[in-house]
file run.cif (mmCIF, C-alpha atoms (C1' of nucleotides))
data_coords
#
loop_
_atom_site.label_atom_id
_atom_site.label_comp_id
_atom_site.auth_asym_id
_atom_site.auth_seq_id
_atom_site.Cartn_x
_atom_site.Cartn_y
_atom_site.Cartn_z
CA MET A 5 -96.96 -114.83 34.93
CA ILE A 6 -98.62 -112.57 32.42
CA GLU A 7 -95.56 -110.41 33.05
CA VAL A 8 -93.48 -112.90 31.11
CA PHE A 9 -95.78 -112.43 28.13
CA LYS A 10 -95.68 -108.66 28.45
CA THR A 11 -91.90 -108.61 28.59
CA TYR A 12 -91.77 -110.85 25.53
CA LEU A 13 -94.08 -108.57 23.57
CA GLN A 14 -92.05 -105.50 24.43
CA ALA A 15 -88.89 -107.23 23.31
CA LYS A 16 -90.40 -108.40 20.02
CA GLY A 17 -92.13 -105.29 18.79
CA SER A 18 -92.89 -101.68 19.52
CA TYR A 19 -96.25 -101.58 21.19
CA THR A 20 -97.92 -98.53 22.65
CA ALA A 21 -99.03 -98.93 26.28
CA GLU A 22 -102.57 -99.21 25.03
CA GLU A 23 -101.77 -101.90 22.49
CA LEU A 24 -99.81 -103.83 25.05
CA GLU A 25 -102.79 -103.73 27.35
CA LYS A 26 -105.07 -104.88 24.55
CA VAL A 27 -102.90 -107.87 23.75
CA THR A 28 -102.30 -109.02 27.30
CA ALA A 29 -105.99 -108.54 28.09
CA ALA A 30 -106.80 -111.09 25.40
CA ALA A 31 -104.71 -113.75 27.12
CA VAL A 32 -105.92 -116.11 29.79
CA ILE A 33 -103.34 -117.79 32.01
CA LYS A 34 -103.69 -121.51 32.48
CA LYS A 35 -101.65 -123.89 34.58
CA VAL A 36 -100.80 -127.26 33.09
CA ARG A 37 -99.34 -129.85 35.45
CA LYS A 38 -96.60 -132.23 34.40
CA ARG A 39 -98.10 -135.06 32.30
CA GLN A 40 -101.33 -133.13 31.86
CA TYR A 41 -102.73 -132.56 28.36
CA LEU A 42 -103.17 -129.10 26.98
CA SER A 43 -105.01 -130.68 24.06
CA GLN A 44 -105.52 -134.13 22.66
CA GLU A 45 -105.72 -135.79 19.28
CA GLY A 46 -109.25 -135.34 17.99
CA ASP A 47 -109.83 -132.03 19.75
CA VAL A 48 -110.37 -128.92 17.71
CA THR A 49 -107.74 -126.41 18.77
CA ARG A 50 -109.45 -123.14 19.67
CA ASN A 51 -106.59 -121.22 21.24
CA HIS A 52 -103.12 -120.08 20.42
CA ALA A 53 -100.82 -120.76 23.36
CA PHE A 54 -97.73 -118.95 24.56
CA VAL A 55 -95.60 -120.65 27.19
CA THR A 56 -94.82 -118.42 30.17
CA LYS A 57 -93.35 -121.19 32.31
CA GLY A 58 -92.30 -124.80 31.95
CA CYS A 59 -92.02 -127.05 28.92
CA LEU A 60 -94.55 -128.75 26.65
CA ARG A 61 -94.41 -131.00 23.63
CA THR A 62 -96.47 -131.71 20.51
CA TYR A 63 -96.55 -135.36 19.47
CA THR A 64 -98.45 -138.21 17.87
CA VAL A 65 -98.75 -141.85 18.90
CA ASP A 66 -98.65 -144.48 16.14
CA GLU A 67 -100.39 -147.88 15.92
CA LYS A 68 -97.51 -149.50 17.75
CA GLY A 69 -97.85 -147.04 20.60
CA ILE A 70 -94.64 -145.24 19.72
CA GLU A 71 -94.61 -141.49 20.35
CA HIS A 72 -93.27 -139.12 17.71
CA ILE A 73 -92.41 -135.68 18.99
CA LEU A 74 -92.86 -132.84 16.54
CA ASN A 75 -92.00 -129.94 18.77
CA PHE A 76 -90.99 -128.82 22.19
CA ALA A 77 -91.91 -125.43 23.59
CA ILE A 78 -90.35 -123.74 26.60
CA GLU A 79 -90.74 -120.25 28.03
CA ASN A 80 -91.31 -117.60 25.37
CA TRP A 81 -92.25 -120.08 22.66
CA TRP A 82 -95.61 -120.52 21.04
CA ILE A 83 -97.30 -123.88 20.76
CA GLY A 84 -100.53 -125.19 19.29
CA ASP A 85 -101.80 -126.76 16.10
CA ARG A 86 -102.17 -123.87 13.66
CA GLU A 87 -103.74 -126.17 11.13
CA SER A 88 -106.55 -127.17 13.46
CA ILE A 89 -107.06 -123.57 14.59
CA GLN A 90 -107.36 -122.31 11.02
CA THR A 91 -109.43 -125.07 9.52
CA GLY A 92 -111.53 -126.00 12.53
CA GLN A 93 -110.67 -129.63 11.85
CA PRO A 94 -109.75 -131.93 14.74
CA SER A 95 -106.06 -131.92 15.51
CA ILE A 96 -103.96 -135.00 14.87
CA TYR A 97 -101.55 -133.97 17.62
CA ASN A 98 -101.39 -134.31 21.36
CA ILE A 99 -99.89 -131.52 23.44
CA ASP A 100 -98.90 -132.14 27.04
CA ALA A 101 -96.65 -130.72 29.71
CA ILE A 102 -93.22 -132.22 30.41
CA GLU A 103 -92.82 -130.03 33.49
CA ASP A 104 -95.36 -128.15 35.61
CA SER A 105 -96.09 -125.31 33.24
CA GLU A 106 -98.11 -122.21 32.60
CA VAL A 107 -99.43 -120.93 29.29
CA ALA A 108 -101.13 -117.79 28.07
CA LEU A 109 -104.11 -118.74 25.91
CA ILE A 110 -105.57 -116.46 23.27
CA SER A 111 -108.71 -117.58 21.48
CA LYS A 112 -108.65 -117.76 17.70
CA GLU A 113 -111.19 -114.95 17.50
CA LYS A 114 -109.26 -112.56 19.71
CA PHE A 115 -105.99 -113.55 18.11
CA ASP A 116 -107.29 -112.79 14.61
CA GLN A 117 -108.72 -109.53 15.87
CA LEU A 118 -105.37 -108.56 17.37
CA CYS A 119 -103.64 -109.32 14.09
CA PHE A 120 -106.14 -107.06 12.40
CA GLU A 121 -106.13 -104.21 14.89
CA VAL A 122 -102.57 -104.16 16.19
CA PRO A 123 -100.03 -103.97 13.37
CA ALA A 124 -97.12 -104.65 15.74
CA PHE A 125 -98.79 -107.87 16.81
CA ASN A 126 -99.46 -108.92 13.25
CA ASN A 127 -95.86 -108.26 12.27
CA MET A 128 -94.57 -110.13 15.27
CA ILE A 129 -96.70 -113.17 14.51
CA ASN A 130 -95.58 -113.21 10.91
CA ALA A 131 -91.95 -112.95 11.95
CA ILE A 132 -92.46 -115.93 14.27
CA LEU A 133 -94.11 -117.88 11.50
CA GLN A 134 -91.20 -117.13 9.22
CA LYS A 135 -88.77 -118.28 11.89
CA SER A 136 -90.78 -121.43 12.54
CA PHE A 137 -90.65 -122.25 8.87
CA LEU A 138 -86.89 -121.83 8.72
CA VAL A 139 -86.42 -124.04 11.77
CA ALA A 140 -88.65 -126.69 10.21
CA GLN A 141 -86.77 -126.51 6.92
CA ASN A 142 -83.52 -126.88 8.77
CA ARG A 143 -84.82 -129.90 10.61
CA ILE A 144 -85.89 -131.49 7.34
CA HIS A 145 -82.37 -131.01 6.13
CA THR A 146 -81.01 -132.92 9.15
CA PHE A 147 -83.31 -135.83 8.33
CA LEU A 148 -82.12 -135.88 4.75
CA SER A 149 -78.42 -135.69 5.38
CA LEU A 150 -77.33 -136.54 8.92
CA THR A 151 -76.61 -139.72 10.89
CA ALA A 152 -78.05 -140.34 14.35
CA GLU A 153 -74.92 -138.93 16.00
CA GLU A 154 -74.80 -135.89 13.77
CA LYS A 155 -78.45 -135.12 14.40
CA TYR A 156 -77.85 -135.24 18.13
CA LEU A 157 -74.80 -132.99 17.94
CA SER A 158 -76.73 -130.58 15.79
CA LEU A 159 -79.50 -130.44 18.39
CA LEU A 160 -76.99 -129.78 21.15
CA GLU A 161 -75.66 -126.89 19.16
CA LYS A 162 -78.99 -125.35 18.22
CA PHE A 163 -80.98 -126.00 21.40
CA PRO A 164 -78.54 -126.70 24.23
CA HIS A 165 -81.13 -125.75 26.85
CA LEU A 166 -83.56 -128.38 25.60
CA ASN A 167 -81.10 -131.17 26.24
CA MET A 168 -80.91 -130.16 29.89
CA ARG A 169 -84.63 -130.14 30.51
CA VAL A 170 -86.09 -132.92 28.45
CA PRO A 171 -85.72 -136.66 29.16
CA GLN A 172 -83.33 -138.42 26.81
CA SER A 173 -86.04 -140.67 25.49
CA MET A 174 -87.98 -137.63 24.28
CA ILE A 175 -84.91 -136.13 22.67
CA ALA A 176 -84.49 -139.41 20.82
CA SER A 177 -88.10 -139.32 19.67
CA TYR A 178 -87.67 -135.75 18.43
CA LEU A 179 -84.59 -136.80 16.46
CA GLY A 180 -86.36 -139.78 14.94
CA ILE A 181 -84.11 -142.37 16.59
CA THR A 182 -84.70 -144.85 19.42
CA ALA A 183 -83.79 -144.15 23.03
CA GLU A 184 -81.27 -147.01 22.92
CA THR A 185 -79.52 -145.57 19.91
CA LEU A 186 -79.29 -142.16 21.55
CA SER A 187 -77.82 -143.74 24.66
CA ARG A 188 -75.12 -145.42 22.60
CA VAL A 189 -74.46 -142.27 20.61
CA ARG A 190 -73.93 -140.32 23.82
CA LYS A 191 -71.57 -142.95 25.13
CA GLN A 192 -69.49 -142.79 21.99
CA ILE A 193 -69.31 -139.01 22.13
CA ALA A 194 -68.29 -139.12 25.80
CA GLN A 195 -65.48 -141.55 25.05
CA ARG A 196 -63.62 -138.95 23.01
CA MET B 14 -95.87 -115.65 -18.99
CA ILE B 15 -96.53 -112.79 -16.61
CA GLU B 16 -100.16 -113.70 -17.27
CA VAL B 17 -99.70 -116.83 -15.18
CA PHE B 18 -98.59 -114.68 -12.27
CA LYS B 19 -101.48 -112.27 -12.74
CA THR B 20 -104.01 -115.09 -12.81
CA TYR B 21 -102.47 -116.52 -9.67
CA LEU B 22 -102.69 -113.22 -7.84
CA GLN B 23 -106.32 -112.74 -8.77
CA ALA B 24 -107.12 -116.22 -7.53
CA LYS B 25 -105.30 -115.72 -4.23
CA GLY B 26 -106.51 -112.30 -3.14
CA SER B 27 -108.73 -109.41 -4.04
CA TYR B 28 -106.55 -106.88 -5.77
CA THR B 29 -107.72 -103.68 -7.40
CA ALA B 30 -106.63 -103.26 -11.01
CA GLU B 31 -104.10 -100.73 -9.83
CA GLU B 32 -102.64 -103.01 -7.17
CA LEU B 33 -102.45 -105.86 -9.62
CA GLU B 34 -100.53 -103.65 -11.98
CA LYS B 35 -98.21 -102.58 -9.19
CA VAL B 36 -97.39 -106.14 -8.22
CA THR B 37 -96.87 -107.48 -11.72
CA ALA B 38 -94.78 -104.43 -12.59
CA ALA B 39 -92.37 -105.39 -9.82
CA ALA B 40 -91.72 -108.79 -11.40
CA VAL B 41 -89.10 -109.54 -13.99
CA ILE B 42 -89.51 -112.67 -16.07
CA LYS B 43 -86.46 -114.89 -16.43
CA LYS B 44 -86.00 -118.08 -18.39
CA VAL B 45 -84.05 -120.87 -16.75
CA ARG B 46 -83.05 -123.77 -18.98
CA LYS B 47 -83.06 -127.34 -17.77
CA ARG B 48 -79.98 -128.00 -15.60
CA GLN B 49 -79.30 -124.28 -15.29
CA TYR B 50 -78.87 -122.72 -11.86
CA LEU B 51 -81.21 -120.05 -10.63
CA SER B 52 -78.86 -119.60 -7.68
CA GLN B 53 -75.94 -121.43 -6.13
CA GLU B 54 -74.62 -122.25 -2.70
CA GLY B 55 -72.67 -119.24 -1.49
CA ASP B 56 -74.74 -116.70 -3.40
CA VAL B 57 -76.75 -114.16 -1.49
CA THR B 58 -80.36 -114.52 -2.62
CA ARG B 59 -81.67 -111.13 -3.66
CA ASN B 60 -84.98 -112.07 -5.26
CA HIS B 61 -88.13 -113.89 -4.42
CA ALA B 62 -89.10 -116.18 -7.29
CA PHE B 63 -92.46 -117.36 -8.50
CA VAL B 64 -92.55 -120.18 -11.02
CA THR B 65 -94.67 -119.41 -14.06
CA LYS B 66 -93.54 -122.43 -16.07
CA GLY B 67 -91.52 -125.59 -15.54
CA CYS B 68 -90.07 -127.14 -12.45
CA LEU B 69 -87.16 -126.28 -10.16
CA ARG B 70 -85.62 -127.76 -7.04
CA THR B 71 -83.78 -126.54 -3.92
CA TYR B 72 -80.99 -128.84 -2.75
CA THR B 73 -77.63 -129.23 -1.08
CA VAL B 74 -74.69 -131.43 -1.97
CA ASP B 75 -72.83 -133.12 0.89
CA GLU B 76 -69.12 -134.05 1.22
CA LYS B 77 -69.77 -137.38 -0.50
CA GLY B 78 -71.35 -135.60 -3.44
CA ILE B 79 -74.83 -136.79 -2.57
CA GLU B 80 -77.66 -134.38 -3.35
CA HIS B 81 -80.37 -133.71 -0.78
CA ILE B 82 -83.50 -132.15 -2.19
CA LEU B 83 -85.38 -129.85 0.15
CA ASN B 84 -88.09 -128.66 -2.17
CA PHE B 85 -89.53 -128.81 -5.62
CA ALA B 86 -91.45 -125.94 -7.17
CA ILE B 87 -93.70 -126.13 -10.21
CA GLU B 88 -96.04 -123.60 -11.79
CA ASN B 89 -97.70 -121.32 -9.23
CA TRP B 90 -95.27 -122.15 -6.45
CA TRP B 91 -92.74 -119.84 -4.88
CA ILE B 92 -89.11 -120.78 -4.51
CA GLY B 93 -86.02 -119.14 -3.05
CA ASP B 94 -84.06 -119.11 0.18
CA ARG B 95 -86.03 -116.84 2.50
CA GLU B 96 -83.31 -117.06 5.09
CA SER B 97 -80.67 -115.70 2.75
CA ILE B 98 -83.01 -113.00 1.46
CA GLN B 99 -83.82 -111.80 4.97
CA THR B 100 -80.40 -112.01 6.54
CA GLY B 101 -78.27 -111.14 3.55
CA GLN B 102 -76.13 -114.18 4.38
CA PRO B 103 -74.94 -116.49 1.59
CA SER B 104 -77.38 -119.28 0.90
CA ILE B 105 -76.46 -122.87 1.70
CA TYR B 106 -78.78 -124.12 -1.04
CA ASN B 107 -78.58 -124.59 -4.77
CA ILE B 108 -81.61 -123.98 -6.93
CA ASP B 109 -81.73 -125.27 -10.48
CA ALA B 110 -84.24 -126.13 -13.15
CA ILE B 111 -85.37 -129.71 -13.74
CA GLU B 112 -87.22 -128.68 -16.90
CA ASP B 113 -86.92 -125.63 -19.11
CA SER B 114 -88.62 -123.11 -16.88
CA GLU B 115 -89.63 -119.53 -16.42
CA VAL B 116 -89.77 -117.59 -13.18
CA ALA B 117 -91.03 -114.18 -12.11
CA LEU B 118 -88.40 -112.48 -9.98
CA ILE B 119 -89.19 -109.77 -7.45
CA SER B 120 -86.29 -108.08 -5.68
CA LYS B 121 -86.26 -108.09 -1.89
CA GLU B 122 -86.72 -104.34 -1.84
CA LYS B 123 -89.74 -104.31 -4.13
CA PHE B 124 -91.18 -107.34 -2.40
CA ASP B 125 -90.97 -105.72 1.01
CA GLN B 126 -92.44 -102.56 -0.39
CA LEU B 127 -95.36 -104.48 -1.87
CA CYS B 128 -95.98 -106.16 1.47
CA PHE B 129 -96.06 -102.73 3.03
CA GLU B 130 -98.16 -100.95 0.43
CA VAL B 131 -100.52 -103.65 -0.80
CA PRO B 132 -102.39 -105.32 2.04
CA ALA B 133 -103.77 -108.04 -0.22
CA PHE B 134 -100.23 -108.95 -1.20
CA ASN B 135 -99.06 -109.00 2.38
CA ASN B 136 -101.95 -111.23 3.39
CA MET B 137 -101.34 -113.54 0.49
CA ILE B 138 -97.66 -113.91 1.32
CA ASN B 139 -98.44 -114.65 4.95
CA ALA B 140 -101.01 -117.24 3.96
CA ILE B 141 -98.40 -118.90 1.76
CA LEU B 142 -95.88 -118.85 4.58
CA GLN B 143 -98.41 -120.45 6.88
CA LYS B 144 -99.12 -123.13 4.28
CA SER B 145 -95.40 -123.73 3.73
CA PHE B 146 -94.93 -124.22 7.44
CA LEU B 147 -97.73 -126.77 7.63
CA VAL B 148 -96.32 -128.69 4.68
CA ALA B 149 -92.88 -128.70 6.32
CA GLN B 150 -94.31 -129.85 9.63
CA ASN B 151 -96.16 -132.61 7.87
CA ARG B 152 -93.00 -133.69 6.11
CA ILE B 153 -91.14 -133.81 9.42
CA HIS B 154 -93.85 -136.11 10.66
CA THR B 155 -93.25 -138.49 7.76
CA PHE B 156 -89.56 -138.65 8.64
CA LEU B 157 -90.39 -139.44 12.25
CA SER B 158 -92.95 -142.10 11.66
CA LEU B 159 -92.98 -143.64 8.19
CA THR B 160 -91.02 -146.36 6.36
CA ALA B 161 -89.55 -145.81 2.90
CA GLU B 162 -92.63 -147.30 1.26
CA GLU B 163 -95.05 -145.30 3.36
CA LYS B 164 -93.20 -142.08 2.64
CA TYR B 165 -93.44 -142.75 -1.07
CA LEU B 166 -97.14 -143.57 -0.92
CA SER B 167 -97.72 -140.44 1.09
CA LEU B 168 -95.94 -138.37 -1.55
CA LEU B 169 -98.05 -139.92 -4.30
CA GLU B 170 -101.14 -138.95 -2.40
CA LYS B 171 -100.14 -135.41 -1.58
CA PHE B 172 -98.27 -134.44 -4.75
CA PRO B 173 -99.30 -136.86 -7.51
CA HIS B 174 -98.26 -134.39 -10.20
CA LEU B 175 -94.69 -134.25 -8.91
CA ASN B 176 -94.21 -137.95 -9.39
CA MET B 177 -95.04 -137.58 -13.08
CA ARG B 178 -92.60 -134.78 -13.76
CA VAL B 179 -89.58 -135.44 -11.63
CA PRO B 180 -86.99 -138.21 -12.18
CA GLN B 181 -87.28 -141.08 -9.71
CA SER B 182 -83.82 -140.47 -8.36
CA MET B 183 -84.85 -136.97 -7.31
CA ILE B 184 -88.04 -138.22 -5.69
CA ALA B 185 -85.86 -140.62 -3.71
CA SER B 186 -83.59 -137.80 -2.64
CA TYR B 187 -86.58 -135.72 -1.53
CA LEU B 188 -87.85 -138.65 0.55
CA GLY B 189 -84.46 -139.22 2.14
CA ILE B 190 -83.98 -142.69 0.64
CA THR B 191 -81.68 -143.98 -2.11
CA ALA B 192 -82.73 -144.35 -5.72
CA GLU B 193 -82.24 -148.12 -5.44
CA THR B 194 -84.53 -148.38 -2.47
CA LEU B 195 -87.22 -146.37 -4.23
CA SER B 196 -86.94 -148.63 -7.26
CA ARG B 197 -87.50 -151.68 -5.07
CA VAL B 198 -90.34 -150.02 -3.20
CA ARG B 199 -92.09 -149.27 -6.48
CA LYS B 200 -91.64 -152.82 -7.64
CA GLN B 201 -93.20 -154.16 -4.47
CA ILE B 202 -96.14 -151.81 -4.77
CA ALA B 203 -96.66 -152.80 -8.41
CA GLN B 204 -96.69 -156.50 -7.52
CA ARG B 205 -99.89 -156.13 -5.56
"C1'" DG C 6 -78.51 -147.82 -37.64
"C1'" DA C 7 -74.54 -147.79 -34.52
"C1'" DT C 8 -73.05 -145.57 -30.29
"C1'" DA C 9 -73.33 -143.15 -26.26
"C1'" DG C 10 -75.47 -141.74 -22.24
"C1'" DC C 11 -79.02 -141.60 -19.13
"C1'" DA C 12 -82.58 -143.48 -15.88
"C1'" DC C 13 -83.86 -147.17 -13.85
"C1'" DT C 14 -83.53 -152.15 -12.21
"C1'" DT C 15 -81.63 -156.05 -10.05
"C1'" DG C 16 -78.55 -158.81 -7.21
"C1'" DA C 17 -75.10 -159.49 -3.52
"C1'" DT C 18 -73.30 -157.72 0.52
"C1'" DA C 19 -72.58 -154.43 4.27
"C1'" DT C 20 -74.09 -151.46 7.90
"C1'" DA C 21 -76.58 -148.30 10.82
"C1'" DA C 22 -80.08 -148.43 13.62
"C1'" DA C 23 -84.10 -151.04 15.52
"C1'" DT C 24 -85.71 -154.51 18.40
"C1'" DC C 25 -85.75 -157.53 22.23
"C1'" DA C 26 -84.22 -158.42 26.75
"C1'" DA C 27 -81.76 -157.82 30.95
"C1'" DG C 28 -79.41 -155.04 33.70
"C1'" DT C 29 -78.15 -150.75 36.84
"C1'" DG C 30 -78.81 -146.98 39.52
"C1'" DC C 31 -81.80 -143.15 40.98
"C1'" DT C 32 -85.71 -141.07 43.41
"C1'" DA C 33 -89.76 -141.33 45.74
"C1'" DT C 34 -92.95 -143.35 48.80
"C1'" DT C 35 -94.40 -146.03 52.44
"C1'" DA D 3 -84.80 -149.44 55.49
"C1'" DA D 4 -87.46 -151.85 51.98
"C1'" DT D 5 -89.96 -151.48 47.65
"C1'" DA D 6 -91.47 -149.77 43.50
"C1'" DG D 7 -90.99 -147.33 39.43
"C1'" DC D 8 -88.62 -144.64 36.29
"C1'" DA D 9 -84.79 -143.35 33.10
"C1'" DC D 10 -81.11 -144.89 31.21
"C1'" DT D 11 -77.50 -148.43 29.81
"C1'" DT D 12 -75.70 -152.47 27.81
"C1'" DG D 13 -75.62 -156.74 25.13
"C1'" DA D 14 -77.32 -159.92 21.49
"C1'" DT D 15 -79.79 -160.24 17.44
"C1'" DT D 16 -82.61 -158.69 13.59
"C1'" DT D 17 -83.98 -155.76 9.98
"C1'" DA D 18 -84.53 -152.02 6.84
"C1'" DT D 19 -81.98 -149.60 4.02
"C1'" DA D 20 -77.45 -148.33 2.02
"C1'" DT D 21 -73.74 -149.51 -0.76
"C1'" DC D 22 -71.38 -151.57 -4.50
"C1'" DA D 23 -71.59 -153.47 -8.95
"C1'" DA D 24 -73.65 -155.11 -13.12
"C1'" DG D 25 -77.25 -155.22 -15.93
"C1'" DT D 26 -81.28 -153.52 -19.22
"C1'" DG D 27 -83.69 -150.68 -22.05
"C1'" DC D 28 -84.66 -145.96 -23.74
"C1'" DT D 29 -83.73 -141.79 -26.30
"C1'" DA D 30 -80.92 -139.03 -28.76
"C1'" DT D 31 -77.41 -137.86 -31.79
"C1'" DC D 32 -74.01 -138.29 -35.23
#

call {"tool": "encode", "arguments": {"input": "run.cif", "output": "structure tokens"}}
result
Amino acid sequence: MIEVFKTYLQAKGSYTAEELEKVTAAAVIKKVRKRQYLSQEGDVTRNHAFVTKGCLRTYTVDEKGIEHILNFAIENWWIGDRESIQTGQPSIYNIDAIEDSEVALISKEKFDQLCFEVPAFNNMINAILQKSFLVAQNRIHTFLSLTAEEKYLSLLEKFPHLNMRVPQSMIASYLGITAETLSRVRKQIAQR
Amino acid sequence: MIEVFKTYLQAKGSYTAEELEKVTAAAVIKKVRKRQYLSQEGDVTRNHAFVTKGCLRTYTVDEKGIEHILNFAIENWWIGDRESIQTGQPSIYNIDAIEDSEVALISKEKFDQLCFEVPAFNNMINAILQKSFLVAQNRIHTFLSLTAEEKYLSLLEKFPHLNMRVPQSMIASYLGITAETLSRVRKQIAQR
DNA sequence: GATAGCACTTGATATAAATCAAGTGCTATT
DNA sequence: AATAGCACTTGATTTATATCAAGTGCTATC
């Protein structure tokens, strides 16, 4: 499945054969079964992770036991708590697999080295970071200005594939609404 | 006020005297009076902006005329619609001054050139982007999991200075609650 | 020093969404 | 085929927050 990573790299930047080899050599493939943790609250995140197969989520659990999903990641997305990686502080997030999945792990040390030694990699990572920020900003805007129904419709538009793969209750959590509300919202939309 | 920018640069990276000169030379100082726009919805953003004095905000106005504030920026913060700058598409955001302010503008072209030619600048910008992403992620988490009161308390903790400078109604907008609700929340907190 | 105009508060009421509590219908397992 | 366990739906009720509508008290300006 390292092939998926290689293909992604080639699509995202212009790497020489040597550079490509260097980057992929830094990655270690790991399988993560459905419901299995990639990392847990309290762990220090030591690796960047790129999803080559499946679907994972980043979330927290509050005092009431309610899960709050910050992010999903499917094939060709990155996942992992950048804050914990950078600072070395324990992460406040849990990451687990929603489907049987596979990720390419790159240790912080190798990742930083790649950024330093392979300009194409560094540029690619910064472009991703920029994109991630824009997506986050956009999501903030939905929280500020949209109703439950509008947020759901907006998700369908932006990430149609997610809706197909992820249980409704998790979509609801990601949108910041309850599963019951999402169910009613969907019913209303269907009745038109 | 270009001194403010220079001081900031020196604090954020190790620039040679020459590099420092190069960066500051790329900036043009602009005064923005209170209530004056730095840019409006529909404009293509052509400059990155660094606040040397005062306070500005990024916001949208919905069909009902309600303002939704995405960001504030005070001294030593950057502001501007990165999406519009990158893509050349019209911005969906308004940016205006909350106080009489002063910003250092750097055109997209010069900015990109600086990133390319001055490694310290490039690294600094990427570090800021990373920080911005973490702040955004954190804010998303507050929308997912906190009540109106908790969101306000969290803001007080993270950005105490903002609360002093920005009208309550704008704080409310930033938190995604109404001005009336914030007023009541504050009363409740005070009564303890 | 009267008047206007904000920024904020307070009260009454409405509403979107949450909560609580059963249902239904799948899928999987034995 | 029976049973269990999810994932989702549906209904009744509650609740947090929004909305609407007056207030109050500052500050500023003529």

call {"tool": "interface_residues", "arguments": {"input": "run.cif", "of": "chain B", "to": "chain D", "cutoff": "8 Å", "atoms": "only C-alpha atoms (C1' of nucleotides)", "output": "VMD selection string"}}
result
chain B and resid 190 to 191 194

call {"tool": "closest_atom_pairs", "arguments": {"input": "run.cif", "of": "chain B", "to": "chain A", "cutoff": "6 Å", "atoms": "only C-alpha atoms", "output": "tab-separated table"}}
result
residue	atom	partner	partner_atom	distance
B:Phe146	CA	A:Phe137	CA	4.9
B:Leu157	CA	A:Gly180	CA	4.9
B:Gly189	CA	A:Leu148	CA	4.8

call {"tool": "interface_residues", "arguments": {"input": "run.cif", "of": "chain C", "to": "chain A", "cutoff": "10 Å", "atoms": "only C-alpha atoms (C1' of nucleotides)", "output": "VMD selection string"}}
result
chain C and resid 21 to 24

call {"tool": "resolve_selection", "arguments": {"input": "run.cif", "expression": "the PyMOL selection byres ((chain A and resi 106) around 8)", "output": "VMD selection string"}}
result
chain A and resid 5 33 to 36 55 to 58 104 to 105 107 to 108

call {"tool": "residues_near_point", "arguments": {"input": "run.cif", "point": "(-75.2, -124.1, 2.1)", "cutoff": "9 Å", "atoms": "all atoms listed in the file", "output": "list in words"}}
result
Gln53, Glu54, Gly55, Tyr72, Thr73, Val74, Pro103, Ser104, Ile105, Tyr106 and Asn107 of chain B
